[in-house]
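Source file: entry17.tsv (TSV, C-alpha atoms and all ligand atoms)
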```
chain	number	residue	atom	x	y	z
T	26	MET	CA	-28.56	155.50	-53.70
T	27	TYR	CA	-28.11	158.99	-55.24
T	28	ARG	CA	-28.31	161.14	-52.10
T	29	GLY	CA	-25.43	163.59	-51.72
T	30	LYS	CA	-23.36	161.78	-54.37
T	31	LEU	CA	-20.94	163.43	-56.77
T	32	CYS	CA	-21.40	161.83	-60.18
T	33	LEU	CA	-19.89	161.59	-63.64
T	34	ALA	CA	-22.41	163.00	-66.13
T	35	PRO	CA	-23.75	161.08	-69.12
T	36	MET	CA	-21.56	162.10	-72.07
T	37	VAL	CA	-21.80	160.72	-75.57
T	38	ARG	CA	-18.26	159.75	-76.70
T	39	ALA	CA	-16.62	160.93	-73.48
T	40	GLY	CA	-18.36	158.64	-70.98
T	41	GLU	CA	-17.05	155.30	-72.25
T	42	LEU	CA	-15.56	152.65	-69.96
T	43	PRO	CA	-12.00	154.03	-69.39
T	44	THR	CA	-13.34	157.47	-68.41
T	45	ARG	CA	-15.85	155.92	-66.02
T	46	LEU	CA	-13.20	153.70	-64.43
T	47	LEU	CA	-10.73	156.56	-64.05
T	48	ALA	CA	-13.47	158.64	-62.42
T	49	LEU	CA	-14.36	155.79	-60.04
T	50	GLN	CA	-10.70	155.22	-59.14
T	51	ASN	CA	-10.56	158.90	-58.17
T	52	GLY	CA	-13.47	159.14	-55.80
T	53	CYS	CA	-16.45	159.48	-58.12
T	54	ASP	CA	-19.55	158.06	-56.39
T	55	LEU	CA	-21.75	157.16	-59.36
T	56	VAL	CA	-21.08	157.06	-63.12
T	57	TRP	CA	-23.60	157.56	-65.92
T	58	SER	CA	-23.20	155.81	-69.27
T	59	PRO	CA	-23.39	157.93	-72.41
T	60	GLU	CA	-26.94	158.20	-73.77
T	61	ILE	CA	-27.77	155.19	-75.92
T	62	ILE	CA	-30.88	155.37	-78.09
T	63	ASP	CA	-33.54	152.73	-77.39
T	64	LYS	CA	-33.76	151.40	-80.97
T	65	LYS	CA	-29.99	150.94	-81.19
T	66	LEU	CA	-29.76	149.14	-77.86
T	67	ILE	CA	-32.62	146.82	-78.76
T	68	LYS	CA	-30.68	145.69	-81.84
T	69	THR	CA	-27.62	144.66	-79.81
T	70	GLN	CA	-26.64	141.26	-78.56
T	71	ARG	CA	-25.27	140.71	-75.04
T	72	ASN	CA	-21.98	138.81	-74.90
T	73	VAL	CA	-19.65	137.85	-72.11
T	74	ASN	CA	-16.20	138.80	-73.37
T	75	LYS	CA	-13.97	136.11	-71.86
T	76	HIS	CA	-10.70	137.85	-72.86
T	77	ILE	CA	-11.21	140.80	-70.56
T	78	ASN	CA	-14.17	139.66	-68.44
T	79	SER	CA	-16.44	142.41	-69.72
T	80	ILE	CA	-20.08	142.38	-70.70
T	81	ASP	CA	-20.40	143.67	-74.26
T	82	TYR	CA	-23.47	144.81	-76.14
T	83	THR	CA	-22.70	144.62	-79.85
T	84	LEU	CA	-24.54	145.11	-83.13
T	85	GLU	CA	-24.69	142.37	-85.74
T	86	ASN	CA	-21.84	144.01	-87.70
T	87	GLY	CA	-19.60	143.78	-84.62
T	88	THR	CA	-19.90	147.43	-83.55
T	89	LEU	CA	-19.55	147.70	-79.78
T	90	VAL	CA	-22.38	149.81	-78.36
T	91	PHE	CA	-21.80	149.41	-74.63
T	92	ARG	CA	-19.20	147.70	-72.43
T	93	THR	CA	-19.11	147.30	-68.68
T	94	ILE	CA	-16.81	145.49	-66.26
T	95	PRO	CA	-19.24	144.19	-63.65
T	96	ASN	CA	-16.80	143.80	-60.79
T	97	LEU	CA	-15.43	147.34	-61.24
T	98	GLU	CA	-18.66	149.25	-61.87
T	99	LYS	CA	-21.08	147.22	-59.77
T	100	GLY	CA	-23.31	149.33	-57.53
T	101	LYS	CA	-22.20	152.53	-59.27
T	102	LEU	CA	-23.38	152.41	-62.87
T	103	ILE	CA	-26.44	154.26	-64.16
T	104	PHE	CA	-27.41	153.55	-67.75
T	105	GLN	CA	-28.89	156.45	-69.73
T	106	ILE	CA	-31.48	155.74	-72.39
T	107	GLY	CA	-32.63	158.08	-75.15
T	108	SER	CA	-36.28	157.45	-75.97
T	109	ALA	CA	-39.52	159.08	-77.04
T	110	ASP	CA	-41.60	155.92	-76.83
T	111	PRO	CA	-42.81	154.17	-73.65
T	112	GLU	CA	-42.73	150.68	-75.22
T	113	LEU	CA	-39.28	151.03	-76.80
T	114	ALA	CA	-37.91	152.54	-73.60
T	115	VAL	CA	-39.05	149.49	-71.62
T	116	GLU	CA	-37.72	147.07	-74.23
T	117	ALA	CA	-34.33	148.80	-74.22
T	118	ALA	CA	-34.15	149.02	-70.42
T	119	LEU	CA	-35.02	145.33	-70.05
T	120	LYS	CA	-32.11	144.50	-72.31
T	121	VAL	CA	-29.47	145.99	-69.95
T	122	VAL	CA	-31.12	146.07	-66.56
T	123	GLN	CA	-29.30	142.98	-65.26
T	124	ASP	CA	-25.89	144.62	-65.84
T	125	VAL	CA	-26.53	148.11	-64.46
T	126	ASP	CA	-27.63	149.68	-61.18
T	127	GLY	CA	-30.22	152.13	-62.45
T	128	ILE	CA	-31.89	153.39	-65.61
T	129	ASP	CA	-31.95	157.09	-66.44
T	130	LEU	CA	-34.00	158.80	-69.13
T	131	ASN	CA	-32.43	161.67	-71.03
T	132	SER	CA	-34.79	164.61	-71.08
T	133	GLY	CA	-32.18	167.32	-71.13
T	134	CYS	CA	-29.98	166.99	-74.19
T	135	PRO	CA	-30.65	169.76	-76.75
T	136	LYS	CA	-28.35	168.28	-79.44
T	137	HIS	CA	-29.93	167.66	-82.85
T	138	PHE	CA	-29.34	163.87	-82.79
T	139	SER	CA	-31.42	163.68	-79.64
T	140	ILE	CA	-34.27	166.15	-80.18
T	141	HIS	CA	-34.99	165.54	-83.87
T	142	SER	CA	-37.10	162.49	-83.05
T	143	GLY	CA	-38.73	163.92	-79.93
T	144	MET	CA	-36.13	162.59	-77.46
T	145	GLY	CA	-33.84	164.42	-75.00
T	146	ALA	CA	-34.80	168.02	-74.26
T	147	ALA	CA	-37.71	167.76	-76.72
T	148	LEU	CA	-39.50	165.68	-74.07
T	149	LEU	CA	-39.71	168.81	-71.93
T	150	SER	CA	-42.32	170.09	-74.39
T	151	THR	CA	-44.30	166.83	-74.21
T	152	PRO	CA	-44.65	166.26	-70.45
T	153	ASP	CA	-47.46	163.68	-70.85
T	154	LEU	CA	-45.22	161.53	-73.00
T	155	LEU	CA	-42.24	162.10	-70.69
T	156	CYS	CA	-44.26	161.02	-67.65
T	157	SER	CA	-45.72	158.00	-69.39
T	158	ILE	CA	-42.22	156.79	-70.38
T	159	LEU	CA	-41.10	157.15	-66.77
T	160	SER	CA	-44.19	155.45	-65.26
T	161	ASN	CA	-43.79	152.61	-67.71
T	162	LEU	CA	-40.13	152.22	-66.80
T	163	VAL	CA	-40.96	152.27	-63.09
T	164	THR	CA	-43.72	149.64	-63.20
T	165	ARG	CA	-42.24	147.31	-65.83
T	166	VAL	CA	-38.50	147.57	-65.18
T	167	GLY	CA	-37.70	149.40	-61.94
T	168	THR	CA	-40.11	147.63	-59.61
T	169	PRO	CA	-39.76	144.04	-60.88
T	170	PHE	CA	-35.94	144.24	-61.02
T	171	ALA	CA	-35.55	146.40	-57.91
T	172	LYS	CA	-33.54	149.00	-59.83
T	173	PRO	CA	-34.14	152.76	-59.54
T	174	ILE	CA	-35.46	154.78	-62.46
T	175	SER	CA	-34.36	158.41	-62.82
T	176	VAL	CA	-34.57	161.34	-65.23
T	177	LYS	CA	-32.25	164.16	-66.26
T	178	ILE	CA	-33.95	167.42	-67.21
T	179	ARG	CA	-33.15	171.06	-67.90
T	180	LEU	CA	-34.89	174.08	-66.41
T	181	LEU	CA	-37.91	175.45	-68.23
T	182	PRO	CA	-37.87	179.19	-69.00
T	183	GLU	CA	-40.35	179.95	-66.18
T	184	MET	CA	-39.78	178.86	-62.57
T	185	LYS	CA	-43.44	177.94	-62.00
T	186	ASP	CA	-43.40	175.62	-65.06
T	187	THR	CA	-40.22	173.91	-63.85
T	188	LEU	CA	-41.72	173.37	-60.41
T	189	SER	CA	-44.96	171.89	-61.74
T	190	LEU	CA	-42.97	169.63	-64.08
T	191	VAL	CA	-40.85	168.43	-61.14
T	192	GLU	CA	-44.06	167.74	-59.18
T	193	ARG	CA	-45.40	165.60	-62.04
T	194	LEU	CA	-42.09	163.78	-62.52
T	195	CYS	CA	-41.90	162.92	-58.81
T	196	ALA	CA	-45.38	161.40	-59.00
T	197	THR	CA	-44.26	158.82	-61.60
T	198	GLY	CA	-42.41	156.77	-58.96
T	199	ILE	CA	-38.89	157.66	-60.05
T	200	GLN	CA	-36.16	157.81	-57.42
T	201	ASN	CA	-33.97	160.65	-58.65
T	202	ILE	CA	-34.12	163.82	-60.72
T	203	THR	CA	-31.00	165.42	-62.10
T	204	VAL	CA	-31.48	169.07	-62.98
T	205	HIS	CA	-29.10	170.63	-65.46
T	206	CYS	CA	-29.45	174.20	-64.22
T	207	ARG	CA	-29.69	175.77	-67.66
T	208	THR	CA	-32.64	176.12	-70.02
T	209	ARG	CA	-32.79	174.32	-73.34
T	210	GLU	CA	-31.66	177.49	-75.16
T	211	MET	CA	-28.64	178.11	-72.91
T	212	ARG	CA	-25.15	177.01	-73.95
T	213	ASN	CA	-22.69	175.34	-71.60
T	214	ARG	CA	-20.52	178.46	-71.40
T	215	GLU	CA	-23.42	180.39	-69.85
T	216	HIS	CA	-23.66	180.62	-66.08
T	217	PRO	CA	-26.23	178.18	-64.63
T	218	ILE	CA	-29.43	179.44	-62.98
T	219	ARG	CA	-29.36	178.35	-59.34
T	220	ASP	CA	-31.92	180.74	-57.83
T	221	TYR	CA	-34.68	178.32	-56.95
T	222	LEU	CA	-32.91	175.01	-56.37
T	223	LEU	CA	-34.23	174.92	-52.82
T	224	ASP	CA	-37.82	175.08	-54.15
T	225	ILE	CA	-37.09	172.15	-56.47
T	226	TYR	CA	-35.48	170.28	-53.59
T	227	LYS	CA	-38.53	170.77	-51.34
T	228	ILE	CA	-40.84	169.19	-53.93
T	229	CYS	CA	-38.45	166.27	-54.48
T	230	HIS	CA	-37.99	165.82	-50.74
T	231	SER	CA	-41.76	165.66	-50.11
T	232	HIS	CA	-41.96	162.76	-52.61
T	233	LYS	CA	-38.81	161.04	-51.25
T	234	VAL	CA	-37.11	161.65	-54.57
T	235	SER	CA	-33.43	162.63	-54.47
T	236	LEU	CA	-32.03	165.63	-56.36
T	237	ILE	CA	-28.75	165.98	-58.22
T	238	ILE	CA	-27.68	169.35	-59.60
T	239	ASN	CA	-25.60	169.77	-62.73
T	240	GLY	CA	-23.97	172.69	-64.51
T	241	ALA	CA	-20.52	174.29	-64.23
T	242	ILE	CA	-19.37	172.18	-61.29
T	243	LYS	CA	-15.59	171.92	-61.51
T	244	ASP	CA	-14.58	169.45	-58.80
T	245	ARG	CA	-15.50	168.08	-55.36
T	246	LEU	CA	-14.06	171.03	-53.43
T	247	GLN	CA	-16.05	173.54	-55.47
T	248	PHE	CA	-19.19	171.39	-55.23
T	249	ASN	CA	-18.97	171.28	-51.43
T	250	SER	CA	-18.53	175.04	-51.15
T	251	LEU	CA	-21.31	175.65	-53.69
T	252	ARG	CA	-23.74	173.67	-51.56
T	253	LYS	CA	-22.78	175.74	-48.52
T	254	GLU	CA	-22.94	179.04	-50.44
T	255	LEU	CA	-26.45	178.26	-51.71
T	256	ASN	CA	-27.59	176.91	-48.33
T	257	LEU	CA	-28.40	173.56	-49.89
T	258	PRO	CA	-28.68	170.44	-47.72
T	259	ASP	CA	-25.97	167.80	-47.88
T	260	ASP	CA	-28.24	165.20	-49.44
T	261	ILE	CA	-28.32	167.12	-52.73
T	262	GLY	CA	-25.91	165.48	-55.13
T	263	GLY	CA	-23.80	166.97	-57.92
T	264	MET	CA	-22.97	165.94	-61.47
T	265	ILE	CA	-19.91	166.96	-63.51
T	266	ALA	CA	-19.58	166.81	-67.30
T	267	GLU	CA	-17.11	169.08	-69.12
T	268	ALA	CA	-14.62	169.41	-66.26
T	269	ALA	CA	-14.54	165.60	-65.96
T	270	GLU	CA	-14.18	165.17	-69.71
T	271	THR	CA	-10.81	166.97	-69.63
T	272	ASN	CA	-9.92	165.55	-66.22
T	273	PRO	CA	-11.80	162.48	-64.96
T	274	THR	CA	-9.95	162.73	-61.60
T	275	VAL	CA	-11.78	165.90	-60.43
T	276	PHE	CA	-13.86	163.80	-58.04
T	277	ASN	CA	-11.05	163.23	-55.56
T	278	GLY	CA	-11.08	165.45	-52.48
T	279	THR	CA	-8.22	167.68	-53.62
T	280	GLY	CA	-9.59	169.14	-56.83
T	281	GLY	CA	-8.22	166.40	-59.08
T	282	ILE	CA	-4.78	165.51	-60.40
T	283	LYS	CA	-3.23	168.65	-61.86
T	284	GLU	CA	-0.62	167.22	-64.25
T	285	TRP	CA	-2.21	166.37	-67.61
T	286	TRP	CA	0.55	163.86	-68.44
T	287	VAL	CA	-0.25	161.86	-65.31
T	288	ILE	CA	-3.96	161.80	-66.24
T	289	MET	CA	-2.98	160.90	-69.83
T	290	ASN	CA	-0.88	157.94	-68.67
T	291	LYS	CA	-3.61	156.65	-66.40
T	292	TYR	CA	-6.18	157.03	-69.17
T	293	ILE	CA	-4.03	155.26	-71.81
T	294	ASN	CA	-3.31	152.37	-69.44
T	295	LEU	CA	-7.03	151.84	-68.77
T	296	ALA	CA	-7.96	152.23	-72.44
T	297	MET	CA	-5.40	149.58	-73.45
T	298	LEU	CA	-6.27	147.23	-70.60
T	299	TRP	CA	-9.97	147.29	-71.49
T	300	ASP	CA	-9.48	147.32	-75.25
T	301	ASN	CA	-11.20	150.66	-75.82
T	302	ASN	CA	-12.00	151.69	-79.37
T	303	PHE	CA	-8.85	153.46	-80.61
T	304	GLY	CA	-10.71	156.38	-82.21
T	305	ASN	CA	-12.51	156.99	-78.93
T	306	THR	CA	-9.22	156.88	-76.99
T	307	LYS	CA	-7.76	159.49	-79.34
T	308	TYR	CA	-10.83	161.69	-78.89
T	309	MET	CA	-10.46	161.55	-75.12
T	310	LEU	CA	-6.73	162.27	-75.29
T	311	SER	CA	-7.49	165.32	-77.42
T	312	ARG	CA	-9.58	166.55	-74.47
T	313	ILE	CA	-7.00	165.65	-71.81
T	314	ILE	CA	-3.79	166.89	-73.50
T	315	PRO	CA	-3.49	170.68	-73.91
T	316	GLY	CA	-3.45	171.76	-77.58
T	317	LYS	CA	-0.25	173.74	-77.04
T	318	SER	CA	1.79	170.68	-76.03
T	319	PRO	CA	3.64	168.94	-78.92
T	320	VAL	CA	2.27	165.67	-77.48
T	321	PHE	CA	-1.19	166.70	-78.73
T	322	GLN	CA	0.04	166.59	-82.36
T	323	TYR	CA	2.04	163.38	-81.86
T	324	VAL	CA	-0.98	161.59	-80.44
T	325	ALA	CA	-3.16	162.93	-83.27
T	326	ARG	CA	-0.77	161.21	-85.74
T	327	CYS	CA	-0.95	157.78	-84.05
T	328	LYS	CA	-2.85	155.13	-85.94
T	329	ASP	CA	-2.93	152.36	-83.33
T	330	TYR	CA	-2.08	151.47	-79.73
T	331	ASP	CA	1.53	150.41	-80.60
T	332	GLN	CA	2.22	153.88	-81.92
T	333	LEU	CA	0.46	155.50	-78.96
T	334	LYS	CA	2.57	153.39	-76.58
T	335	HIS	CA	5.70	154.60	-78.37
T	336	VAL	CA	4.64	158.23	-77.89
T	337	GLN	CA	3.70	157.55	-74.26
T	338	ASN	CA	7.18	156.13	-73.62
T	339	ILE	CA	9.00	159.24	-74.83
T	340	ILE	CA	7.19	161.61	-72.46
T	341	ASN	CA	8.99	162.66	-69.31
T	342	GLU	CA	6.86	161.37	-66.45
T	343	LYS	CA	7.97	164.23	-64.23
T	344	ASN	CA	6.98	167.23	-66.34
T	345	GLY	CA	5.25	166.13	-69.55
T	346	THR	CA	8.09	167.28	-71.84
T	347	VAL	CA	9.09	165.16	-74.82
T	348	LEU	CA	12.37	163.25	-74.40
T	349	GLU	CA	12.86	162.59	-78.12
T	350	ASP	CA	11.00	163.53	-81.28
T	351	PRO	CA	8.86	160.56	-82.44
T	352	SER	CA	8.30	162.08	-85.93
T	353	VAL	CA	10.74	159.76	-87.74
T	354	TYR	CA	9.18	156.71	-86.10
T	355	LEU	CA	5.61	157.86	-86.84
T	356	GLN	CA	6.55	158.67	-90.46
T	357	SER	CA	8.07	155.18	-90.92
T	358	MET	CA	4.87	153.68	-89.53
T	359	VAL	CA	2.82	155.59	-92.13
T	360	LYS	CA	5.13	154.25	-94.89
T	361	ASN	CA	4.85	150.74	-93.47
T	362	SER	CA	1.08	150.88	-93.34
T	363	LYS	CA	0.95	152.23	-96.92
T	364	LYS	CA	3.18	149.32	-98.00
T	365	LYS	CA	0.97	146.85	-96.14
T	366	ALA	CA	-2.14	148.36	-97.74
T	367	LYS	CA	-0.56	148.01	-101.21
T	368	VAL	CA	0.34	144.35	-100.56
T	369	LYS	CA	-3.21	143.73	-99.36
T	370	VAL	CA	-4.71	145.27	-102.52
T	371	LYS	CA	-2.30	143.23	-104.72
T	372	ARG	CA	-3.22	140.00	-102.89
T	373	GLN	CA	-6.90	140.82	-103.28
T	374	LEU	CA	-6.48	141.49	-107.00
T	375	ASN	CA	-4.49	138.24	-107.46
T	376	LYS	CA	-7.20	136.33	-105.62
T	377	GLU	CA	-9.92	137.83	-107.79
T	378	THR	CA	-7.95	137.06	-111.00
T	379	THR	CA	-7.37	133.46	-109.88
T	380	THR	CA	-11.03	133.04	-109.04
T	381	THR	CA	-12.09	134.46	-112.41
T	382	THR	CA	-9.68	132.11	-114.24
T	383	GLU	CA	-10.95	129.15	-112.21
T	384	ASP	CA	-14.52	130.18	-112.98
T	385	THR	CA	-13.77	130.40	-116.69
T	386	GLN	CA	-12.12	126.96	-116.64
T	387	GLN	CA	-15.02	125.58	-114.67
T	388	SER	CA	-17.57	126.94	-117.12
T	389	LYS	CA	-15.50	125.57	-120.04
T	390	LYS	CA	-15.58	122.13	-118.37
T	391	VAL	CA	-19.32	122.38	-117.97
T	392	LYS	CA	-19.72	123.25	-121.65
T	393	VAL	CA	-17.60	120.20	-122.65
X	1	LIG	C1	-19.21	165.65	-74.66
X	1	LIG	C2	-20.57	165.78	-74.01
X	1	LIG	C3	-21.52	164.80	-74.23
X	1	LIG	C4	-22.78	164.88	-73.60
X	1	LIG	N1	-23.67	163.85	-73.75
X	1	LIG	C5	-24.80	163.83	-73.00
X	1	LIG	C6	-25.62	162.67	-72.95
X	1	LIG	O1	-25.32	161.63	-73.54
X	1	LIG	N2	-26.75	162.73	-72.18
X	1	LIG	C7	-27.10	163.86	-71.46
X	1	LIG	O2	-28.13	163.83	-70.76
X	1	LIG	N3	-26.31	164.95	-71.47
X	1	LIG	C8	-25.17	164.95	-72.19
X	1	LIG	N4	-24.32	166.02	-72.12
X	1	LIG	C9	-24.65	167.14	-71.20
X	1	LIG	C10	-23.97	166.92	-69.85
X	1	LIG	O3	-24.36	165.71	-69.24
X	1	LIG	C11	-24.25	168.08	-68.89
X	1	LIG	O4	-25.62	168.16	-68.62
X	1	LIG	C12	-23.78	169.43	-69.42
X	1	LIG	O5	-22.54	169.36	-70.08
X	1	LIG	C13	-23.67	170.45	-68.28
X	1	LIG	O6	-22.76	170.02	-67.32
X	1	LIG	P1	-21.29	170.74	-67.16
X	1	LIG	O7	-21.58	172.20	-67.00
X	1	LIG	O8	-20.67	170.09	-65.99
X	1	LIG	O9	-20.56	170.51	-68.45
X	1	LIG	C14	-23.08	165.99	-72.76
X	1	LIG	C15	-22.10	166.98	-72.56
X	1	LIG	C16	-20.87	166.88	-73.15
X	1	LIG	C17	-19.83	167.93	-72.88
```

For this file, produce the structure as structure tokens.
Amino acid sequence: MYRGKLCLAPMVRAGELPTRLLALQNGCDLVWSPEIIDKKLIKTQRNVNKHINSIDYTLENGTLVFRTIPNLEKGKLIFQIGSADPELAVEAALKVVQDVDGIDLNSGCPKHFSIHSGMGAALLSTPDLLCSILSNLVTRVGTPFAKPISVKIRLLPEMKDTLSLVERLCATGIQNITVHCRTREMRNREHPIRDYLLDIYKICHSHKVSLIINGAIKDRLQFNSLRKELNLPDDIGGMIAEAAETNPTVFNGTGGIKEWWVIMNKYINLAMLWDNNFGNTKYMLSRIIPGKSPVFQYVARCKDYDQLKHVQNIINEKNGTVLEDPSVYLQSMVKNSKKKAKVKVKRQLNKETTTTTEDTQQSKKVKV
């Protein structure tokens, strides 16, 4: 399933549905969901959203945790779990397994939210726990549901330690290992370490486990030449994060769409079609639109999809320039929403006063 594929990386915030769909529309082979923590997923309820034909996992307070469109992502969606507990990992995986094509465990994220409770890259320091989570997932989720289990790791500081970890991971029965070719201490701006990928590959290959490499891959063209340059076989796959966050079309064979306004339009259309959380859409647009374009500021001022649509309509489709200044419109919208908020508060106050008066009258009646 994973062999030789070029994939969209798991990315918290950035890897939501519209990004995944845009990547798939542009030649991406497999998409990872953002990491979702086991305990959070377990608390969700699965609903079929009849308005847009999506499957939604939501918390009791209505917060959407995960959305997928089965007929668009089927066969291509890997769900990433954050866990430091074999039981919780299984419980969480069982919750979504019917709607996804594979379950991945995050053992590579060095961010505080992940490692503070022993998850993500922290699992690299507890290999027994890491392997027991994976074995549990394989025997209790992967095998009975015929879905592959995989893991995403980082390199350890010493080559020999990385290789023996890979050997142990392969023995758990997983089907794929993604290696982010940086150590836990390295930042994304640092050049990845690719010296001994072939040694990692040989171990994986001997266990029939596929290998995906990650780190500073820009697009499909660069990935193909990188494989050649490093003398890596064609069945090694690649995974792209940051480059795909600013341009989810980098998977196509030509290095991706170059014009940010074209990517922006495609992204907005998908976000609106699939009812993406507006805050998330704005976050993604802040990654797609260059900070020096006036459109960046206009989008930052939008409060809802109507306003965003207005801004979208005043951008020249041919060159991304602005056809008219939307400031007056956006300002009037702010005034309108302030007015609406005031009316809402007044109504609320009136309601409360009426209720209090009714209560007083009621209690008087009772006394009589
Ligand atoms: C916005 C963002 C969110 C990320 N979230 C996750 C995550 O949820 N799970 C994970 O394993 N890695 C996460 N990562 C790390 C990436 O998947 C990837 O390993 C890293 O960025 C290196 O790839 P790149 O050089 O192509 O950016 C995230 C990276 C970014 C930029």

message: Need to verify the contact set: Thr88 (chain T), 10 Å, only C-alpha atoms, exclusion of same-chain residues closer than 6 positions in sequence. Can you return it as a list in words?
response: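 In the requested form, the answer reads Thr69, Tyr82 and Asn302 of chain T.
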
- request: Would you mind telling me which residue in T:Arg252, T:Lys64, T:His232, T:Lys343 lies nearest to Trp286 (chain T) when using only C-alpha atoms?
  value: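 Of T:Arg252, T:Lys64, T:His232, T:Lys343, the one nearest Trp286 (chain T), counting only C-alpha atoms, is T:Lys343.
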
- request: Counting all atoms listed in the file, figure out which residue out of T:Asn290, T:Lys365, T:Asn239, T:Lys65 gets nearest to Glu85 (chain T).
  value: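 Among T:Asn290, T:Lys365, T:Asn239, T:Lys65, it is T:Lys65 that comes nearest to Glu85 (chain T).
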
Test item: residues at most 9 Å from Leu246 (chain T), all atoms listed in the file, excluding those fewer than 5 positions along its chain, as a ChimeraX atom specification: /T:251,275-280

field: Surrounding residues as a ChimeraX atom specification, ligand LIG 1 (chain X), max 6 Å, all atoms listed in the file
entry: /T:34-37,39,59-60,131,133-134,205,213,239-242,265-267

Please produce a file of those selected residues containing C-alpha atoms, as an mmCIF file, in the coordinates of the input.
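Heads up, here's the output in out16.cif:
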```cif
data_model
loop_
_atom_site.group_PDB
_atom_site.id
_atom_site.type_symbol
_atom_site.label_atom_id
_atom_site.label_comp_id
_atom_site.auth_asym_id
_atom_site.auth_seq_id
_atom_site.Cartn_x
_atom_site.Cartn_y
_atom_site.Cartn_z
ATOM 1 C CA ALA T 34 -22.410 163.000 -66.130
ATOM 2 C CA PRO T 35 -23.750 161.080 -69.120
ATOM 3 C CA MET T 36 -21.560 162.100 -72.070
ATOM 4 C CA VAL T 37 -21.800 160.720 -75.570
ATOM 5 C CA ALA T 39 -16.620 160.930 -73.480
ATOM 6 C CA PRO T 59 -23.390 157.930 -72.410
ATOM 7 C CA GLU T 60 -26.940 158.200 -73.770
ATOM 8 C CA ASN T 131 -32.430 161.670 -71.030
ATOM 9 C CA GLY T 133 -32.180 167.320 -71.130
ATOM 10 C CA CYS T 134 -29.980 166.990 -74.190
ATOM 11 C CA HIS T 205 -29.100 170.630 -65.460
ATOM 12 C CA ASN T 213 -22.690 175.340 -71.600
ATOM 13 C CA ASN T 239 -25.600 169.770 -62.730
ATOM 14 C CA GLY T 240 -23.970 172.690 -64.510
ATOM 15 C CA ALA T 241 -20.520 174.290 -64.230
ATOM 16 C CA ILE T 242 -19.370 172.180 -61.290
ATOM 17 C CA ILE T 265 -19.910 166.960 -63.510
ATOM 18 C CA ALA T 266 -19.580 166.810 -67.300
ATOM 19 C CA GLU T 267 -17.110 169.080 -69.120
#
```

query: Residues at most 8 Å from Cys156 (chain T), counting all atoms listed in the file, excluding those fewer than 6 positions away in the same chain, as a PyMOL selection string?
result: chain T and resi 193-194+197

Residues from last step as file, C-alpha atoms, as an mmCIF file, in the coordinates of the input:
```
data_model
loop_
_atom_site.group_PDB
_atom_site.id
_atom_site.type_symbol
_atom_site.label_atom_id
_atom_site.label_comp_id
_atom_site.auth_asym_id
_atom_site.auth_seq_id
_atom_site.Cartn_x
_atom_site.Cartn_y
_atom_site.Cartn_z
ATOM 1 C CA ARG T 193 -45.400 165.600 -62.040
ATOM 2 C CA LEU T 194 -42.090 163.780 -62.520
ATOM 3 C CA THR T 197 -44.260 158.820 -61.600
#
```

message: Please compute the CA of Leu295 (chain T)-CA of Arg71 (chain T) distance, one decimal, in Å.
response: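 Those two atoms sit 22.3 Å apart.
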
- prompt: Around (0.5, 163.6, -83.0) in the file's own coordinates, what residues are found within 12 Å if you use only C-alpha atoms, given back as number ranges by chain?
  reply: T: 307, 310-311, 314, 316-329, 332-333, 335-337, 347, 350-356

Need the shell around Arg207 (chain T): protein/DNA/RNA residues with any atom at most 8 Å away, counting all atoms listed in the file. Skip same-chain ones fewer than 6 positions apart. Format as a JSON list (two decimals) with C-alpha atoms, in the frame of the given file?
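Generated file (around10.json):
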```
[["chain", "number", "residue", "atom", "x", "y", "z"],
["T", 179, "ARG", "CA", -33.15, 171.06, -67.90],
["T", 180, "LEU", "CA", -34.89, 174.08, -66.41],
["T", 216, "HIS", "CA", -23.66, 180.62, -66.08],
["T", 217, "PRO", "CA", -26.23, 178.18, -64.63],
["T", 218, "ILE", "CA", -29.43, 179.44, -62.98],
["T", 240, "GLY", "CA", -23.97, 172.69, -64.51]]
```

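Interatomic distance, CA of Pro315 (chain T) to CA of Arg92 (chain T): 27.9 Å.
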